[in-house]
Amino acid sequence: MSFLPQMPKLIDQFGRTVDYIRLSITDRCDFRCTYCMGEDMQFLPRHEVLSLEECARLVKIFVNLGVSKVRITGGEPLVRKNALWLFEQIGQLNGLNTLVLTTNGSQLEKYAAKLKLAGVKRVNISIDSLKPERFKKITRTGDLSQVLAGLRASIHAGFEGIKINTVLMRGSNEDEATDLVEFAINQKIDISFIEEMPLGLVDHSRENTFVSNTETLKLLQSKYSLLPSTETTGGPARYWRVADSHTKIGFISPHSHNFCESCNRVRITCKGELFLCLGQDDKIELMPLLRQHPDDDAPIIEAIINSMKIKPKGHDFDLKRAAPAVVRFMSHTGG
Ligand code: SAM
Ligand code: SF4
């Protein structure tokens, strides 16, 4: 993969350059994490989901528009049949600097080495608990040993960066912050704590389970020497380095820290909806354009450039509201 710096072409009305896309390649998942999905999920029929060829075409268009970082997510991206083909296509694009993956890790034992070969630089693996029973309870169907085998395979494959993503919930896994950081230090990998976001209706009141990153940071500062870091991976996380270790701790805090002013990304769902903000409903539909113009990218390019005019200034998360801020689940928009 070679990197050719390009003139940014996607600049929104607030002067922010969009150079990062997150593409969800499926809404399906082998887990049913309690904060992410309801127990009974209706998944989309196949024809309403972008084909992998359409995904590849879209990513190529975005890269030609100056996007240099692509995150593949879902649902669980690695449960999509032939997902590896898409990684191989994207990995070869001139102009793309960083291809990364967010996964629950269940399929990584099988795919880690192949993904590395395809050009994936970094992998985020969601692990909310190191206790097998609790892990099962949070994910409803997940097997911790399978995920840990996936993590080991990823370390072995030699990615530039591996990070655990953790959502802490009161009354569930809020007591595991230190154990998870200790685990990350031992594995020489990073960890990020993501505050629970009110995306989609779930079986619990998010107001009751919410754990703020301010609280988690305070707890971890009492146990570790944490050095504030200016490092960024191009995302919204604020990082701290654990002294005398290889580990960085990130905090993704949509409630306590508003990261919108530096937002450089847009999200594309597996239905081809281009969402301009995770926490707002502003979007355009790319699937009809892709299907109406199979051989002509111009209308799609024009629509994407025009969409910059409706990228909102910021999100609007409020846990106390009776209805979720955004009715769609994270598995729909792509985390
Ligand atoms: N299945 C993959 C995984 O779990 O990593 C990728 C998709 S998942 C939607 C991406 C990330 O979103 C995960 O780290 C998950 O913990 C997080 N997530 C899902 N729902 C969330 C919510 N309501 N609030 C905060 N984070 C959420
Ligand atoms: Fe699946 Fe990821 Fe959502 Fe968990 S967080 S249900 S693994 S999409």
# chains A, B, ... in the order shown; residues from 1 in each chain; ligands from 1

$ residues_near_ligand --ligand "ligand 1" --cutoff "8 Å" --atoms "only C-alpha atoms and all ligand atoms" --output "ChimeraX atom specification"
/A:24,29,31,33,35-37,73-77,102-105,124-128,165-167,194-200,329-335

$ write_last_selection --atoms "N, CA, C and O atoms" --output "compact mmCIF listing (two decimals), in the first residue's frame"
# COMPACT_ATOMS: atom_id res chain seq x y z
N SER A 24 -19.64 0.22 7.97
CA SER A 24 -20.22 -0.99 8.55
C SER A 24 -20.56 -1.93 7.40
O SER A 24 -21.33 -1.56 6.51
N CYS A 29 -24.51 -9.95 13.73
CA CYS A 29 -23.46 -10.20 14.70
C CYS A 29 -23.71 -11.54 15.38
O CYS A 29 -24.86 -11.96 15.51
N PHE A 31 -22.77 -11.94 18.48
CA PHE A 31 -23.01 -11.58 19.87
C PHE A 31 -24.27 -10.72 19.94
O PHE A 31 -24.75 -10.22 18.92
N CYS A 33 -24.53 -7.99 22.57
CA CYS A 33 -24.13 -7.23 23.76
C CYS A 33 -25.29 -6.38 24.28
O CYS A 33 -25.97 -5.71 23.48
N TYR A 35 -25.64 -3.60 25.81
CA TYR A 35 -25.68 -2.15 25.61
C TYR A 35 -25.83 -1.80 24.13
O TYR A 35 -26.05 -0.65 23.77
N CYS A 36 -25.64 -2.79 23.27
CA CYS A 36 -25.61 -2.53 21.82
C CYS A 36 -26.89 -2.97 21.12
O CYS A 36 -27.36 -2.30 20.22
N MET A 37 -27.44 -4.12 21.56
CA MET A 37 -28.58 -4.69 20.83
C MET A 37 -29.66 -5.15 21.79
O MET A 37 -29.38 -5.44 22.95
N THR A 73 -16.19 -1.89 10.24
CA THR A 73 -16.86 -2.25 11.48
C THR A 73 -18.19 -2.90 11.14
O THR A 73 -18.43 -3.31 10.01
N GLY A 74 -19.08 -3.00 12.13
CA GLY A 74 -20.37 -3.61 11.89
C GLY A 74 -21.36 -3.18 12.96
O GLY A 74 -21.19 -2.12 13.56
N GLY A 75 -22.24 -4.06 13.27
CA GLY A 75 -22.28 -5.51 13.35
C GLY A 75 -20.90 -6.10 13.57
O GLY A 75 -19.98 -5.41 13.94
N GLU A 76 -20.81 -7.38 13.32
CA GLU A 76 -19.49 -8.00 13.41
C GLU A 76 -18.96 -8.21 11.99
O GLU A 76 -19.44 -9.10 11.27
N PRO A 77 -17.97 -7.39 11.59
CA PRO A 77 -17.53 -7.44 10.19
C PRO A 77 -17.03 -8.82 9.76
O PRO A 77 -17.23 -9.23 8.62
N THR A 102 -12.58 -2.85 13.60
CA THR A 102 -13.15 -3.02 14.93
C THR A 102 -13.93 -4.32 14.93
O THR A 102 -14.78 -4.54 14.07
N THR A 103 -13.64 -5.19 15.89
CA THR A 103 -14.22 -6.54 15.88
C THR A 103 -14.48 -7.01 17.30
O THR A 103 -13.83 -6.54 18.24
N ASN A 104 -15.39 -7.97 17.42
CA ASN A 104 -15.57 -8.58 18.75
C ASN A 104 -14.56 -9.71 18.98
O ASN A 104 -14.54 -10.31 20.03
N GLY A 105 -13.75 -10.01 17.99
CA GLY A 105 -12.65 -10.95 18.16
C GLY A 105 -13.01 -12.42 17.99
O GLY A 105 -12.13 -13.28 17.94
N ASN A 124 -9.02 -3.15 16.77
CA ASN A 124 -9.67 -2.91 18.07
C ASN A 124 -10.54 -4.12 18.39
O ASN A 124 -11.36 -4.51 17.55
N ILE A 125 -10.35 -4.66 19.56
CA ILE A 125 -11.12 -5.84 19.96
C ILE A 125 -11.94 -5.49 21.20
O ILE A 125 -11.39 -5.01 22.19
N SER A 126 -13.24 -5.71 21.11
CA SER A 126 -14.11 -5.36 22.24
C SER A 126 -14.07 -6.46 23.30
O SER A 126 -14.39 -7.61 23.01
N ILE A 127 -13.63 -6.09 24.50
CA ILE A 127 -13.65 -7.04 25.63
C ILE A 127 -14.16 -6.27 26.84
O ILE A 127 -13.51 -5.33 27.30
N ASP A 128 -15.31 -6.65 27.34
CA ASP A 128 -15.92 -5.92 28.45
C ASP A 128 -15.69 -6.61 29.79
O ASP A 128 -15.96 -6.02 30.84
N ASN A 165 -11.38 -2.44 23.42
CA ASN A 165 -12.45 -1.46 23.66
C ASN A 165 -13.34 -1.99 24.77
O ASN A 165 -13.80 -3.13 24.69
N THR A 166 -13.59 -1.17 25.76
CA THR A 166 -14.42 -1.61 26.88
C THR A 166 -15.52 -0.60 27.17
O THR A 166 -15.24 0.61 27.26
N VAL A 167 -16.73 -1.08 27.32
CA VAL A 167 -17.84 -0.25 27.81
C VAL A 167 -18.11 -0.71 29.25
O VAL A 167 -18.43 -1.87 29.47
N ILE A 194 -15.04 3.29 26.55
CA ILE A 194 -16.05 4.03 25.79
C ILE A 194 -17.26 4.22 26.70
O ILE A 194 -17.79 3.25 27.25
N GLU A 195 -17.68 5.46 26.86
CA GLU A 195 -18.90 5.69 27.65
C GLU A 195 -20.10 5.15 26.90
O GLU A 195 -20.20 5.31 25.67
N GLU A 196 -21.01 4.53 27.63
CA GLU A 196 -22.23 3.99 27.01
C GLU A 196 -23.03 5.14 26.36
O GLU A 196 -23.27 6.16 27.00
N MET A 197 -23.41 4.93 25.12
CA MET A 197 -24.14 5.98 24.40
C MET A 197 -25.59 5.55 24.18
O MET A 197 -25.86 4.38 23.95
N PRO A 198 -26.50 6.51 24.23
CA PRO A 198 -27.92 6.18 24.08
C PRO A 198 -28.32 5.96 22.63
O PRO A 198 -29.06 6.74 22.05
N LEU A 199 -27.81 4.89 22.04
CA LEU A 199 -28.12 4.58 20.64
C LEU A 199 -29.02 3.36 20.60
O LEU A 199 -28.59 2.25 20.90
N GLY A 200 -30.26 3.53 20.26
CA GLY A 200 -31.21 2.41 20.19
C GLY A 200 -31.76 2.07 21.56
O GLY A 200 -31.14 2.34 22.60
N PHE A 329 -29.44 1.55 16.38
CA PHE A 329 -28.42 0.95 17.23
C PHE A 329 -27.03 1.23 16.66
O PHE A 329 -26.87 1.48 15.47
N MET A 330 -26.04 1.12 17.56
CA MET A 330 -24.64 1.27 17.13
C MET A 330 -24.31 0.23 16.06
O MET A 330 -23.55 0.49 15.14
N SER A 331 -24.91 -0.96 16.17
CA SER A 331 -24.61 -2.02 15.20
C SER A 331 -25.14 -1.65 13.81
O SER A 331 -24.72 -2.21 12.82
N HIS A 332 -26.10 -0.73 13.76
CA HIS A 332 -26.61 -0.25 12.47
C HIS A 332 -25.64 0.81 11.90
O HIS A 332 -25.21 0.73 10.76
N THR A 333 -25.33 1.80 12.74
CA THR A 333 -24.49 2.90 12.23
C THR A 333 -23.04 2.47 12.09
O THR A 333 -22.32 2.99 11.25
N GLY A 334 -22.61 1.54 12.91
CA GLY A 334 -21.21 1.13 12.89
C GLY A 334 -20.46 1.89 13.96
O GLY A 334 -20.46 3.11 13.98
N GLY A 335 -19.82 1.14 14.88
CA GLY A 335 -19.20 1.77 16.04
C GLY A 335 -17.89 2.44 15.68
O GLY A 335 -17.38 2.31 14.60

$ select_by_dssp --residues "range 124-253 of chain A" --states "strand (DSSP E or B)" --output "ChimeraX atom specification"
/A:124-126,161-166,169,190-194,199,210,226-229,238-242,248-252

$ write_last_selection --atoms "C-alpha atoms" --output "tab-separated table (two decimals), in the first residue's frame"
chain	number	residue	atom	x	y	z
A	124	ASN	CA	-9.67	-2.91	18.07
A	125	ILE	CA	-11.12	-5.84	19.96
A	126	SER	CA	-14.11	-5.36	22.24
A	161	GLY	CA	-1.44	-1.53	17.20
A	162	ILE	CA	-3.95	-3.64	19.12
A	163	LYS	CA	-6.46	-2.05	21.42
A	164	ILE	CA	-9.15	-3.39	23.69
A	165	ASN	CA	-12.45	-1.46	23.66
A	166	THR	CA	-14.42	-1.61	26.88
A	169	MET	CA	-21.71	-0.48	33.02
A	190	ASP	CA	-3.69	-0.46	24.54
A	191	ILE	CA	-7.16	-0.10	26.00
A	192	SER	CA	-9.96	2.45	25.54
A	193	PHE	CA	-12.96	3.00	27.75
A	194	ILE	CA	-16.05	4.03	25.79
A	199	LEU	CA	-28.12	4.58	20.64
A	210	PHE	CA	-23.85	4.84	32.90
A	226	LEU	CA	-0.66	8.12	34.17
A	227	LEU	CA	1.05	10.61	31.90
A	228	PRO	CA	-1.22	12.73	29.70
A	229	SER	CA	-0.47	12.08	26.08
A	238	ARG	CA	-8.04	11.18	24.79
A	239	TYR	CA	-4.96	9.17	25.76
A	240	TRP	CA	-2.87	8.63	28.88
A	241	ARG	CA	0.33	6.61	28.93
A	242	VAL	CA	0.84	4.18	31.81
A	248	LYS	CA	-1.89	3.74	26.49
A	249	ILE	CA	-5.33	4.19	28.02
A	250	GLY	CA	-7.89	6.00	25.89
A	251	PHE	CA	-11.13	7.58	27.00
A	252	ILE	CA	-13.93	8.08	24.51

$ residues_around --residues "Lys81 in chain A" --least-positions-apart "2" --cutoff "12 Å" --atoms "only C-alpha atoms" --output "ChimeraX atom specification"
/A:25-26,28,46,51-52,76-79,83-86,107

$ write_last_selection --atoms "all heavy atoms" --output "compact mmCIF listing (two decimals), in the first residue's frame"
# COMPACT_ATOMS: atom_id res chain seq x y z
N ILE A 25 -20.01 -3.15 7.42
CA ILE A 25 -20.25 -4.03 6.28
C ILE A 25 -21.34 -5.06 6.55
O ILE A 25 -21.69 -5.84 5.67
CB ILE A 25 -18.94 -4.71 5.78
CG1 ILE A 25 -18.30 -5.59 6.85
CG2 ILE A 25 -17.97 -3.66 5.27
CD1 ILE A 25 -17.20 -6.50 6.30
N THR A 26 -21.88 -5.05 7.76
CA THR A 26 -23.04 -5.90 8.05
C THR A 26 -23.69 -5.40 9.33
O THR A 26 -23.02 -4.82 10.19
CB THR A 26 -22.63 -7.39 8.23
OG1 THR A 26 -23.80 -8.15 8.55
CG2 THR A 26 -21.61 -7.59 9.34
N ARG A 28 -25.33 -7.69 11.01
CA ARG A 28 -25.43 -8.96 11.74
C ARG A 28 -24.28 -9.13 12.72
O ARG A 28 -23.19 -8.58 12.52
CB ARG A 28 -25.42 -10.14 10.78
CG ARG A 28 -26.72 -10.24 10.04
CD ARG A 28 -26.63 -11.13 8.82
NE ARG A 28 -27.75 -10.79 7.96
CZ ARG A 28 -28.86 -11.50 7.86
NH1 ARG A 28 -28.98 -12.64 8.51
NH2 ARG A 28 -29.85 -11.10 7.09
N ARG A 46 -30.78 -9.55 2.64
CA ARG A 46 -29.53 -9.42 1.88
C ARG A 46 -29.57 -8.28 0.84
O ARG A 46 -28.61 -7.51 0.71
CB ARG A 46 -29.23 -10.78 1.21
CG ARG A 46 -28.02 -10.83 0.28
CD ARG A 46 -26.72 -10.43 0.96
NE ARG A 46 -26.42 -11.22 2.13
CZ ARG A 46 -25.71 -12.34 2.15
NH1 ARG A 46 -25.24 -12.81 1.03
NH2 ARG A 46 -25.43 -12.95 3.27
N SER A 51 -23.48 -4.82 -1.46
CA SER A 51 -22.63 -5.97 -1.77
C SER A 51 -21.18 -5.60 -1.43
O SER A 51 -20.86 -4.41 -1.29
CB SER A 51 -22.74 -6.33 -3.26
OG SER A 51 -22.13 -5.30 -4.02
N LEU A 52 -20.33 -6.60 -1.33
CA LEU A 52 -18.92 -6.28 -1.03
C LEU A 52 -18.30 -5.49 -2.18
O LEU A 52 -17.45 -4.63 -1.96
CB LEU A 52 -18.13 -7.57 -0.75
CG LEU A 52 -18.52 -8.29 0.55
CD1 LEU A 52 -17.72 -9.57 0.71
CD2 LEU A 52 -18.32 -7.40 1.77
N GLU A 76 -20.81 -7.38 13.32
CA GLU A 76 -19.49 -8.00 13.41
C GLU A 76 -18.96 -8.21 11.99
O GLU A 76 -19.44 -9.10 11.27
CB GLU A 76 -19.58 -9.33 14.19
CG GLU A 76 -18.28 -10.11 14.22
CD GLU A 76 -17.04 -9.24 14.51
OE1 GLU A 76 -17.08 -8.40 15.41
OE2 GLU A 76 -16.03 -9.41 13.80
N PRO A 77 -17.97 -7.39 11.59
CA PRO A 77 -17.53 -7.44 10.19
C PRO A 77 -17.03 -8.82 9.76
O PRO A 77 -17.23 -9.23 8.62
CB PRO A 77 -16.40 -6.40 10.13
CG PRO A 77 -16.08 -6.03 11.53
CD PRO A 77 -17.27 -6.34 12.35
N LEU A 78 -16.42 -9.55 10.69
CA LEU A 78 -15.80 -10.82 10.27
C LEU A 78 -16.80 -11.97 10.17
O LEU A 78 -16.42 -13.08 9.78
CB LEU A 78 -14.64 -11.18 11.22
CG LEU A 78 -13.49 -10.16 11.23
CD1 LEU A 78 -12.37 -10.61 12.15
CD2 LEU A 78 -12.93 -9.91 9.82
N VAL A 79 -18.07 -11.73 10.48
CA VAL A 79 -19.06 -12.79 10.20
C VAL A 79 -19.63 -12.65 8.78
O VAL A 79 -20.35 -13.52 8.32
CB VAL A 79 -20.24 -12.86 11.23
CG1 VAL A 79 -19.74 -13.14 12.63
CG2 VAL A 79 -21.12 -11.63 11.18
N ALA A 83 -15.56 -11.46 3.73
CA ALA A 83 -15.12 -10.14 4.20
C ALA A 83 -13.65 -9.92 3.87
O ALA A 83 -13.23 -8.80 3.53
CB ALA A 83 -15.35 -10.01 5.71
N LEU A 84 -12.87 -11.00 3.92
CA LEU A 84 -11.43 -10.87 3.67
C LEU A 84 -11.15 -10.28 2.29
O LEU A 84 -10.22 -9.47 2.12
CB LEU A 84 -10.77 -12.25 3.81
CG LEU A 84 -9.26 -12.25 3.79
CD1 LEU A 84 -8.67 -11.49 4.96
CD2 LEU A 84 -8.74 -13.70 3.79
N TRP A 85 -11.98 -10.64 1.31
CA TRP A 85 -11.81 -10.11 -0.07
C TRP A 85 -11.85 -8.58 -0.04
O TRP A 85 -11.05 -7.91 -0.68
CB TRP A 85 -12.93 -10.67 -0.96
CG TRP A 85 -12.90 -10.09 -2.34
CD1 TRP A 85 -12.16 -10.53 -3.40
CD2 TRP A 85 -13.63 -8.94 -2.81
NE1 TRP A 85 -12.39 -9.73 -4.50
CE2 TRP A 85 -13.28 -8.74 -4.17
CE3 TRP A 85 -14.54 -8.06 -2.22
CZ2 TRP A 85 -13.81 -7.71 -4.95
CZ3 TRP A 85 -15.07 -7.03 -2.99
CH2 TRP A 85 -14.70 -6.86 -4.33
N LEU A 86 -12.80 -8.04 0.73
CA LEU A 86 -12.94 -6.58 0.79
C LEU A 86 -11.69 -5.94 1.40
O LEU A 86 -11.19 -4.93 0.91
CB LEU A 86 -14.19 -6.21 1.60
CG LEU A 86 -14.44 -4.72 1.75
CD1 LEU A 86 -14.73 -4.08 0.39
CD2 LEU A 86 -15.60 -4.45 2.70
N GLN A 107 -13.82 -14.19 15.52
CA GLN A 107 -13.30 -14.90 14.32
C GLN A 107 -11.81 -14.61 14.09
O GLN A 107 -11.26 -14.99 13.06
CB GLN A 107 -14.06 -14.44 13.06
CG GLN A 107 -15.56 -14.41 13.19
CD GLN A 107 -16.13 -15.78 13.45
OE1 GLN A 107 -15.77 -16.75 12.77
NE2 GLN A 107 -17.00 -15.88 14.45

$ atom_distance --atom1 "CA of Ala118 in chain A" --atom2 "CA of Leu99 in chain A"
9.4 Å

$ closest_residue --among "A:Met41, A:Leu220, A:Val266, A:Val123" --to "ligand 2" --atoms "only C-alpha atoms and all ligand atoms"
A:Met41

$ closest_residue --among "A:Thr98, A:Thr139, A:Ser129, A:Asn82" --to "ligand 2" --atoms "only C-alpha atoms and all ligand atoms"
A:Thr139

$ closest_residue --among "A:Phe159, A:Ile189, A:Val202, A:Leu93" --to "ligand 2" --atoms "only C-alpha atoms and all ligand atoms"
A:Val202

$ closest_residue --among "A:Ile21, A:Ala153, A:Leu58, A:Leu101" --to "ligand 2" --atoms "only C-alpha atoms and all ligand atoms"
A:Leu101
